[in-house]
>>> print(open('query02.tsv').read())   # TSV, C-alpha atoms and all ligand atoms
chain	number	residue	atom	x	y	z
A	1	MET	CA	-24.23	1.34	5.76
A	2	SER	CA	-24.11	-0.22	9.20
A	3	SER	CA	-20.61	-0.98	10.46
A	4	VAL	CA	-21.71	-4.28	12.00
A	5	ALA	CA	-23.22	-5.45	8.71
A	6	SER	CA	-20.16	-4.39	6.72
A	7	VAL	CA	-17.56	-6.00	8.95
A	8	GLY	CA	-19.71	-9.12	9.15
A	9	THR	CA	-19.98	-9.29	5.37
A	10	VAL	CA	-16.22	-8.91	4.98
A	11	GLN	CA	-15.61	-11.54	7.66
A	12	ALA	CA	-17.92	-14.06	5.94
A	13	ALA	CA	-16.31	-13.45	2.54
A	14	LEU	CA	-12.77	-13.82	3.92
A	15	LEU	CA	-13.68	-17.00	5.78
A	16	SER	CA	-14.96	-18.55	2.57
A	17	LEU	CA	-11.65	-17.71	0.86
A	18	TRP	CA	-9.30	-18.76	3.65
A	19	PRO	CA	-10.31	-21.14	6.48
A	20	GLY	CA	-9.92	-19.60	9.93
A	21	PHE	CA	-9.74	-15.99	8.70
A	22	THR	CA	-10.98	-13.47	11.27
A	23	VAL	CA	-11.66	-9.75	11.16
A	24	GLU	CA	-10.94	-7.80	14.33
A	25	THR	CA	-11.73	-4.16	15.07
A	26	LEU	CA	-9.97	-2.37	17.94
A	27	PRO	CA	-10.91	1.12	19.19
A	28	GLY	CA	-7.22	2.08	19.22
A	29	ILE	CA	-3.72	0.59	19.11
A	30	ASP	CA	-0.16	1.84	18.68
A	31	SER	CA	0.08	0.39	15.16
A	32	THR	CA	-1.84	-2.44	13.52
A	33	ASN	CA	1.44	-3.66	11.94
A	34	THR	CA	3.27	-3.59	15.28
A	35	GLU	CA	0.42	-5.46	16.96
A	36	LEU	CA	0.30	-8.25	14.35
A	37	MET	CA	4.09	-8.64	14.40
A	38	ARG	CA	3.94	-8.85	18.24
A	39	ARG	CA	1.26	-11.51	18.02
A	40	ALA	CA	3.18	-13.48	15.39
A	41	ARG	CA	6.32	-13.51	17.54
A	42	ALA	CA	4.17	-14.74	20.44
A	43	GLY	CA	2.90	-17.60	18.24
A	44	SER	CA	-0.42	-16.22	16.86
A	45	THR	CA	-0.13	-16.65	13.13
A	46	ALA	CA	-3.74	-17.32	12.09
A	47	PRO	CA	-4.94	-15.18	9.17
A	48	VAL	CA	-6.44	-11.93	10.45
A	49	LEU	CA	-7.49	-8.51	9.29
A	50	LEU	CA	-6.97	-5.96	12.08
A	51	VAL	CA	-8.59	-2.57	11.65
A	52	THR	CA	-8.67	0.45	13.93
A	53	PRO	CA	-9.80	4.06	13.63
A	54	ARG	CA	-6.96	5.25	15.91
A	55	GLN	CA	-3.23	4.50	15.73
A	56	THR	CA	-1.01	6.25	18.25
A	57	ALA	CA	2.30	5.18	16.67
A	58	GLY	CA	1.50	4.44	13.02
A	59	ARG	CA	4.59	3.56	11.01
A	60	GLY	CA	5.55	4.14	7.39
A	61	ARG	CA	8.42	2.94	5.22
A	62	LEU	CA	12.03	3.94	5.92
A	63	GLY	CA	11.33	4.44	9.64
A	64	ARG	CA	8.89	7.27	9.00
A	65	GLN	CA	5.77	7.98	11.05
A	66	TRP	CA	2.32	7.46	9.58
A	67	GLN	CA	-0.10	9.98	11.03
A	68	SER	CA	-3.85	9.65	10.77
A	69	GLN	CA	-6.94	11.00	12.50
A	70	PRO	CA	-9.91	8.83	13.54
A	71	GLY	CA	-12.57	8.94	10.83
A	72	ALA	CA	-10.26	10.72	8.39
A	73	SER	CA	-8.40	7.65	7.21
A	74	LEU	CA	-8.53	3.89	6.85
A	75	THR	CA	-5.78	2.06	8.71
A	76	PHE	CA	-5.59	-1.71	8.77
A	77	SER	CA	-3.21	-4.63	8.55
A	78	LEU	CA	-3.64	-8.09	7.15
A	79	GLY	CA	-1.60	-10.83	8.80
A	80	VAL	CA	-1.24	-14.09	6.87
A	81	PRO	CA	1.07	-17.08	6.77
A	82	LEU	CA	2.44	-16.98	3.23
A	83	ALA	CA	4.73	-19.17	1.13
A	84	PRO	CA	5.15	-17.58	-2.32
A	85	PRO	CA	7.72	-18.96	-4.78
A	86	ASP	CA	9.45	-15.56	-4.60
A	87	TRP	CA	8.66	-12.58	-2.36
A	88	SER	CA	9.78	-9.96	-4.89
A	89	GLY	CA	7.04	-7.53	-5.81
A	90	LEU	CA	4.67	-8.25	-2.92
A	91	SER	CA	4.14	-4.58	-2.03
A	92	LEU	CA	3.57	-3.78	-5.72
A	93	ALA	CA	0.94	-6.53	-6.03
A	94	VAL	CA	-0.77	-5.13	-2.91
A	95	GLY	CA	-0.73	-1.66	-4.48
A	96	VAL	CA	-2.27	-2.99	-7.71
A	97	SER	CA	-5.02	-4.73	-5.75
A	98	VAL	CA	-5.89	-1.72	-3.57
A	99	ALA	CA	-5.78	0.73	-6.50
A	100	GLU	CA	-7.95	-1.47	-8.72
A	101	SER	CA	-10.50	-1.95	-5.91
A	102	LEU	CA	-10.81	1.79	-5.36
A	103	HIS	CA	-10.91	3.77	-8.62
A	104	PRO	CA	-9.46	3.83	-12.17
A	105	ARG	CA	-7.69	7.09	-11.33
A	106	VAL	CA	-5.72	5.77	-8.38
A	107	ARG	CA	-2.08	5.55	-9.51
A	108	LEU	CA	0.94	3.76	-8.09
A	109	LYS	CA	4.37	5.10	-7.24
A	110	TRP	CA	7.06	2.45	-6.88
A	111	PRO	CA	7.38	0.70	-4.56
A	112	ASN	CA	4.47	1.22	-2.19
A	113	ASP	CA	2.58	4.47	-2.61
A	114	LEU	CA	-0.96	5.08	-3.81
A	115	TRP	CA	-1.11	8.40	-5.66
A	116	LEU	CA	-3.54	10.78	-7.26
A	117	GLY	CA	-2.45	12.88	-10.23
A	118	ASP	CA	-4.54	15.62	-11.79
A	119	ALA	CA	-4.56	19.32	-12.57
A	120	ARG	CA	-3.95	20.04	-8.87
A	121	GLY	CA	-0.66	18.17	-9.08
A	122	GLU	CA	0.42	14.86	-7.69
A	123	ARG	CA	-0.47	13.84	-4.20
A	124	LYS	CA	-0.09	10.83	-1.97
A	125	LEU	CA	-3.37	9.04	-1.25
A	126	GLY	CA	-1.94	6.27	0.88
A	127	GLY	CA	0.87	3.86	1.54
A	128	ILE	CA	1.67	0.23	2.15
A	129	LEU	CA	4.03	-1.16	4.77
A	130	ILE	CA	4.93	-4.85	4.50
A	131	GLU	CA	6.80	-6.68	7.22
A	132	THR	CA	7.62	-10.37	7.44
A	133	ALA	CA	8.68	-12.76	10.18
A	134	SER	CA	10.25	-16.19	9.77
A	135	LEU	CA	8.99	-18.42	12.55
A	136	GLY	CA	10.68	-21.77	12.06
A	137	ALA	CA	9.47	-23.10	8.72
A	138	LEU	CA	6.53	-20.68	8.63
A	139	HIS	CA	6.70	-17.24	7.03
A	140	TYR	CA	4.24	-14.66	8.25
A	141	ALA	CA	3.50	-11.48	6.32
A	142	VAL	CA	1.92	-8.36	7.74
A	143	ILE	CA	0.51	-6.07	5.08
A	144	GLY	CA	-0.35	-2.63	6.46
A	145	VAL	CA	-2.40	-0.16	4.46
A	146	GLY	CA	-3.07	3.48	5.30
A	147	LEU	CA	-5.43	5.54	3.13
A	148	ASN	CA	-6.52	9.17	3.47
A	149	ILE	CA	-10.29	9.28	3.21
A	150	THR	CA	-11.21	12.90	4.00
A	151	PRO	CA	-9.31	16.15	3.32
A	152	ARG	CA	-6.12	16.56	5.31
A	153	GLU	CA	-3.59	19.32	5.74
A	154	ALA	CA	-0.31	19.25	3.84
A	155	ARG	CA	1.58	20.82	6.76
A	156	GLY	CA	4.37	18.57	8.05
A	157	LEU	CA	4.10	16.08	5.18
A	158	SER	CA	6.98	15.55	2.72
A	159	THR	CA	4.51	14.81	-0.10
A	160	PRO	CA	1.24	16.76	-0.47
A	161	PRO	CA	-1.75	14.58	0.48
A	162	GLY	CA	-4.67	13.46	-1.64
A	163	TRP	CA	-7.78	11.80	-0.25
A	164	LEU	CA	-10.24	9.24	-1.52
A	165	GLN	CA	-13.28	11.51	-1.25
A	166	GLU	CA	-11.78	13.52	-4.14
A	167	LEU	CA	-12.68	10.53	-6.33
A	168	LEU	CA	-15.57	9.03	-4.36
A	169	PRO	CA	-17.21	11.96	-2.51
A	170	ASP	CA	-19.43	9.98	-0.11
A	171	ILE	CA	-17.09	7.15	0.82
A	172	ASP	CA	-16.11	6.55	4.44
A	173	ALA	CA	-13.36	4.40	5.95
A	174	LEU	CA	-15.56	1.37	6.45
A	175	GLN	CA	-16.90	1.48	2.91
A	176	ALA	CA	-13.32	1.74	1.64
A	177	LEU	CA	-12.41	-1.32	3.72
A	178	THR	CA	-15.31	-3.32	2.29
A	179	ARG	CA	-14.08	-2.49	-1.22
A	180	VAL	CA	-10.44	-3.45	-0.71
A	181	ALA	CA	-10.40	-6.32	1.83
A	182	VAL	CA	-11.68	-9.28	-0.21
A	183	PRO	CA	-9.71	-8.46	-3.40
A	184	LEU	CA	-6.61	-8.00	-1.24
A	185	VAL	CA	-6.92	-11.47	0.27
A	186	GLU	CA	-7.55	-12.88	-3.21
A	187	THR	CA	-4.37	-11.08	-4.26
A	188	MET	CA	-2.42	-12.76	-1.45
A	189	LEU	CA	-3.61	-16.15	-2.67
A	190	ALA	CA	-2.74	-15.32	-6.29
A	191	PHE	CA	0.68	-13.97	-5.26
A	192	GLN	CA	1.36	-17.09	-3.23
A	193	ALA	CA	0.56	-19.27	-6.26
A	194	LEU	CA	2.11	-17.20	-9.04
A	195	GLY	CA	4.35	-14.48	-7.61
A	196	PHE	CA	4.43	-10.96	-9.11
A	197	ALA	CA	4.30	-11.85	-12.84
A	198	PRO	CA	0.48	-11.54	-13.23
A	199	PHE	CA	0.62	-8.07	-11.65
A	200	GLN	CA	3.43	-6.58	-13.76
A	201	ALA	CA	1.32	-5.14	-16.61
A	202	ARG	CA	-1.35	-3.98	-14.17
A	203	PHE	CA	1.28	-2.10	-12.13
A	204	ASN	CA	2.76	-0.53	-15.24
A	205	ALA	CA	-0.72	0.63	-16.37
A	206	ARG	CA	-0.98	2.75	-13.19
A	207	ASP	CA	2.70	3.64	-12.77
A	208	VAL	CA	2.98	7.36	-12.02
A	209	LEU	CA	6.74	7.37	-12.71
A	210	GLN	CA	6.56	5.83	-16.21
A	211	GLY	CA	8.76	7.84	-18.61
A	212	ARG	CA	9.56	10.45	-15.94
A	213	GLU	CA	12.96	11.70	-14.88
A	214	VAL	CA	13.54	10.37	-11.37
A	215	SER	CA	16.13	10.63	-8.67
A	216	VAL	CA	16.79	7.50	-6.64
A	217	ALA	CA	18.42	7.89	-3.21
A	218	ASP	CA	19.82	4.77	-1.58
A	219	GLY	CA	19.57	6.17	1.94
A	220	HIS	CA	23.38	6.14	2.34
A	221	GLY	CA	24.21	9.29	0.37
A	222	GLY	CA	24.17	7.66	-3.08
A	223	VAL	CA	21.89	9.18	-5.73
A	224	LEU	CA	21.15	7.93	-9.23
A	225	SER	CA	19.10	9.75	-11.86
A	226	GLY	CA	17.47	8.65	-15.06
A	227	SER	CA	14.22	7.96	-16.78
A	228	ALA	CA	11.80	5.48	-15.15
A	229	ARG	CA	10.78	2.64	-17.49
A	230	GLY	CA	8.24	0.62	-15.54
A	231	VAL	CA	8.85	-2.52	-13.49
A	232	THR	CA	10.21	-5.97	-14.31
A	233	GLY	CA	8.41	-9.28	-13.77
A	234	ALA	CA	10.12	-9.41	-10.38
A	235	GLY	CA	8.91	-5.93	-9.40
A	236	ALA	CA	12.24	-4.10	-9.82
A	237	LEU	CA	12.03	-0.47	-10.99
A	238	LEU	CA	13.77	0.03	-14.34
A	239	VAL	CA	15.68	3.30	-14.60
A	240	HIS	CA	17.45	4.27	-17.81
A	241	THR	CA	20.58	6.15	-16.74
A	242	ALA	CA	23.61	7.57	-18.56
A	243	ALA	CA	25.39	4.32	-17.60
A	244	GLY	CA	22.63	2.10	-19.04
A	245	MET	CA	19.50	0.43	-17.68
A	246	LYS	CA	19.52	-0.15	-13.92
A	247	GLN	CA	17.17	-2.32	-11.90
A	248	ILE	CA	16.27	-0.85	-8.51
A	249	THR	CA	15.23	-3.46	-5.99
A	250	SER	CA	16.21	-2.32	-2.54
A	251	SER	CA	13.45	-1.49	-0.09
A	252	GLU	CA	15.82	1.14	1.34
A	253	VAL	CA	15.60	3.48	-1.62
A	254	SER	CA	13.45	6.54	-2.00
A	255	VAL	CA	12.38	7.56	-5.52
A	256	ARG	CA	11.25	11.06	-6.44
A	257	PRO	CA	9.98	12.35	-9.77
A	258	LEU	CA	12.16	15.32	-10.77
A	259	GLN	CA	9.35	17.46	-12.11
A	260	ARG	CA	5.63	17.55	-11.64
A	261	ARG	CA	3.33	16.88	-14.56
A	262	ALA	CA	-0.44	17.39	-14.55
A	263	ASP	CA	-2.49	14.43	-15.76
A	264	PRO	CA	-4.07	15.57	-19.07
A	265	SER	CA	-6.91	13.07	-18.61
A	266	ALA	CA	-8.02	14.73	-15.35
A	301	LIG	C1	4.22	4.49	3.83
A	301	LIG	O1	3.63	5.25	3.07
A	301	LIG	O2	5.40	4.68	4.14
A	301	LIG	C2	3.49	3.31	4.40
A	301	LIG	C3	2.36	3.72	5.32
A	301	LIG	C4	1.65	2.52	5.91
A	301	LIG	C5	0.66	2.93	6.99
A	301	LIG	C6	-0.16	1.77	7.47
A	301	LIG	S1	-1.51	2.29	8.49
A	301	LIG	C7	-1.83	0.64	8.95
A	301	LIG	C8	-0.49	-0.02	9.15
A	301	LIG	N1	-0.01	0.23	10.50
A	301	LIG	C9	1.08	0.98	10.52
A	301	LIG	O3	1.69	1.36	11.54
A	301	LIG	N2	1.45	1.29	9.28
A	301	LIG	C10	0.56	0.72	8.29
>>> encode(input="query02.tsv", output="structure tokens")
Amino acid sequence: MSSVASVGTVQAALLSLWPGFTVETLPGIDSTNTELMRRARAGSTAPVLLVTPRQTAGRGRLGRQWQSQPGASLTFSLGVPLAPPDWSGLSLAVGVSVAESLHPRVRLKWPNDLWLGDARGERKLGGILIETASLGALHYAVIGVGLNITPREARGLSTPPGWLQELLPDIDALQALTRVAVPLVETMLAFQALGFAPFQARFNARDVLQGREVSVADGHGGVLSGSARGVTGAGALLVHTAAGMKQITSSEVSVRPLQRRADPSA
């Protein structure tokens, strides 16, 4: 597949969905999220998909780094002006869209991880980083997605990695982008119109934490444990604890399954 043809096809499809949408490829950048937030603060808020093979300062959730090698991963950000009725659940809706575009066996770990689970254990395939800026009356959302495409080493990572070629052996980063980009923009339009509700059951169908004992750390020393029970229509994680059902909403929390379980369907 030629890269020119693929990016051109994505660009044409996005333009037909959203007037003025552009696709931009850069040889390298510190972080596609950082760049789109910089542009938004400088007044550039047109809808754009920015993709690069090389990030020198990729960022993850909770202030973590996101490391990737050129050719070994897909790293892109979508920047769009957005006005949903309620922002709750945006990163979950993005996860649903990306997972459904890729493969039936891509799972989701609340709130923003793409996971693989099989006899080799559970591994992180990718992640989503959403940032927003309020610019007067306009709200701009930057949706960053990082996906491992080829095998990568577990060394230095808090969660063992999985990669897309485990499921789709011949896929490359550009082919992965052509699968996910158009459905993702359609998801933004659906989320803007309807919020998270249409995505709730679809998230729960891929929820890797469902029924599992989890530990939830609030990032300030507080820890809560219980059994994960899916997500609400607003995207909150339900955790059944000794003190009753709790709804976890904060983007500051980190959730870990307490024990690993192989996927019997693998
Ligand atoms: C996470 O798992 O914590 C989220 C990772 C998000 C990584 C992507 S790569 C493209 C975009 N640019 C960034 O700096 N981060 C996101």
>>> residues_around(input="query02.tsv", residues="region 227-243 of chain A", least_positions_apart="4", cutoff="8 Å", atoms="all atoms listed in the file", output="PyMOL selection string")
chain A and resi 88-89+92+110+196-197+200+203-204+207+209-214+247-249
>>> closest_atom_pairs(input="query02.tsv", of="chain A", to="ligand LIG 301 (chain A)", cutoff="8 Å", atoms="all atoms listed in the file", output="tab-separated table")
residue	atom	partner	partner_atom	distance
A:Asp30	CA	A:LIG301	O3	7.4
A:Ser31	CA	A:LIG301	O3	4.1
A:Thr32	CA	A:LIG301	N1	4.4
A:Asn33	CA	A:LIG301	N1	4.4
A:Thr34	CA	A:LIG301	O3	6.4
A:Val51	CA	A:LIG301	C7	8.0
A:Gln55	CA	A:LIG301	O3	7.2
A:Ala57	CA	A:LIG301	O3	6.4
A:Gly58	CA	A:LIG301	O3	3.4
A:Arg59	CA	A:LIG301	O3	3.7
A:Gly60	CA	A:LIG301	O2	3.3
A:Arg61	CA	A:LIG301	O2	3.6
A:Leu62	CA	A:LIG301	O2	6.9
A:Arg64	CA	A:LIG301	O2	6.5
A:Gln65	CA	A:LIG301	O2	7.7
A:Trp66	CA	A:LIG301	C5	5.5
A:Leu74	CA	A:LIG301	S1	7.4
A:Thr75	CA	A:LIG301	C7	4.2
A:Phe76	CA	A:LIG301	C7	4.4
A:Ser77	CA	A:LIG301	C8	5.4
A:Asn112	CA	A:LIG301	O1	6.7
A:Asp113	CA	A:LIG301	O1	5.8
A:Gly126	CA	A:LIG301	O1	6.1
A:Gly127	CA	A:LIG301	O1	3.4
A:Ile128	CA	A:LIG301	C2	4.2
A:Leu129	CA	A:LIG301	C2	4.5
A:Ile143	CA	A:LIG301	C8	7.4
A:Gly144	CA	A:LIG301	C8	3.8
A:Val145	CA	A:LIG301	C6	4.2
A:Gly146	CA	A:LIG301	S1	3.7
A:Leu147	CA	A:LIG301	S1	7.4
>>> atom_distance(input="query02.tsv", atom1="CA of Ser215 (chain A)", atom2="CA of Val255 (chain A)")
5.8 Å
>>> atom_distance(input="query02.tsv", atom1="CA of Gly95 (chain A)", atom2="CA of Ile130 (chain A)")
11.1 Å
>>> residues_around(input="query02.tsv", residues="region 156-168 of chain A", least_positions_apart="3", cutoff="7 Å", atoms="only C-alpha atoms", output="PyMOL selection string")
chain A and resi 116+123-125+148-152+171
>>> residues_around(input="query02.tsv", residues="Leu90 (chain A)", least_positions_apart="3", cutoff="8 Å", atoms="all atoms listed in the file", output="MDAnalysis selection string")
chainID A and resid 87 93:94 191 195:196
>>> write_last_selection(input="query02.tsv", atoms="C-alpha atoms", output="PDB file, in the coordinates of the input")
ATOM      1  CA  TRP A  87       8.660 -12.580  -2.360  1.00  0.00           C
ATOM      2  CA  ALA A  93       0.940  -6.530  -6.030  1.00  0.00           C
ATOM      3  CA  VAL A  94      -0.770  -5.130  -2.910  1.00  0.00           C
ATOM      4  CA  PHE A 191       0.680 -13.970  -5.260  1.00  0.00           C
ATOM      5  CA  GLY A 195       4.350 -14.480  -7.610  1.00  0.00           C
ATOM      6  CA  PHE A 196       4.430 -10.960  -9.110  1.00  0.00           C
TER       7      PHE A 196
END
>>> closest_atom_pairs(input="query02.tsv", of="region 93-175 of chain A", to="region 181-184 of chain A", cutoff="8 Å", atoms="only C-alpha atoms", output="CSV")
residue,atom,partner,partner_atom,distance
A:Val94,CA,A:Leu184,CA,6.7
A:Ser97,CA,A:Leu184,CA,5.8
A:Val98,CA,A:Leu184,CA,6.7
A:Ser101,CA,A:Pro183,CA,7.0
>>> closest_residue(input="query02.tsv", among="A:Pro257, A:Pro198, A:Gly117, A:Gly43", to="Gly136 (chain A)", atoms="all atoms listed in the file")
A:Gly43
>>> atom_distance(input="query02.tsv", atom1="CA of Gln69 (chain A)", atom2="CA of Asp170 (chain A)")
17.8 Å
>>> residues_around(input="query02.tsv", residues="Tyr140 (chain A)", least_positions_apart="2", cutoff="10 Å", atoms="only C-alpha atoms", output="ChimeraX atom specification")
/A:36-37,40-41,44-47,79-83,131-135,137-138,142-143
>>> closest_residue(input="query02.tsv", among="A:Gly8, A:Gly244, A:Pro53, A:Pro19", to="Ser73 (chain A)", atoms="only C-alpha atoms")
A:Pro53
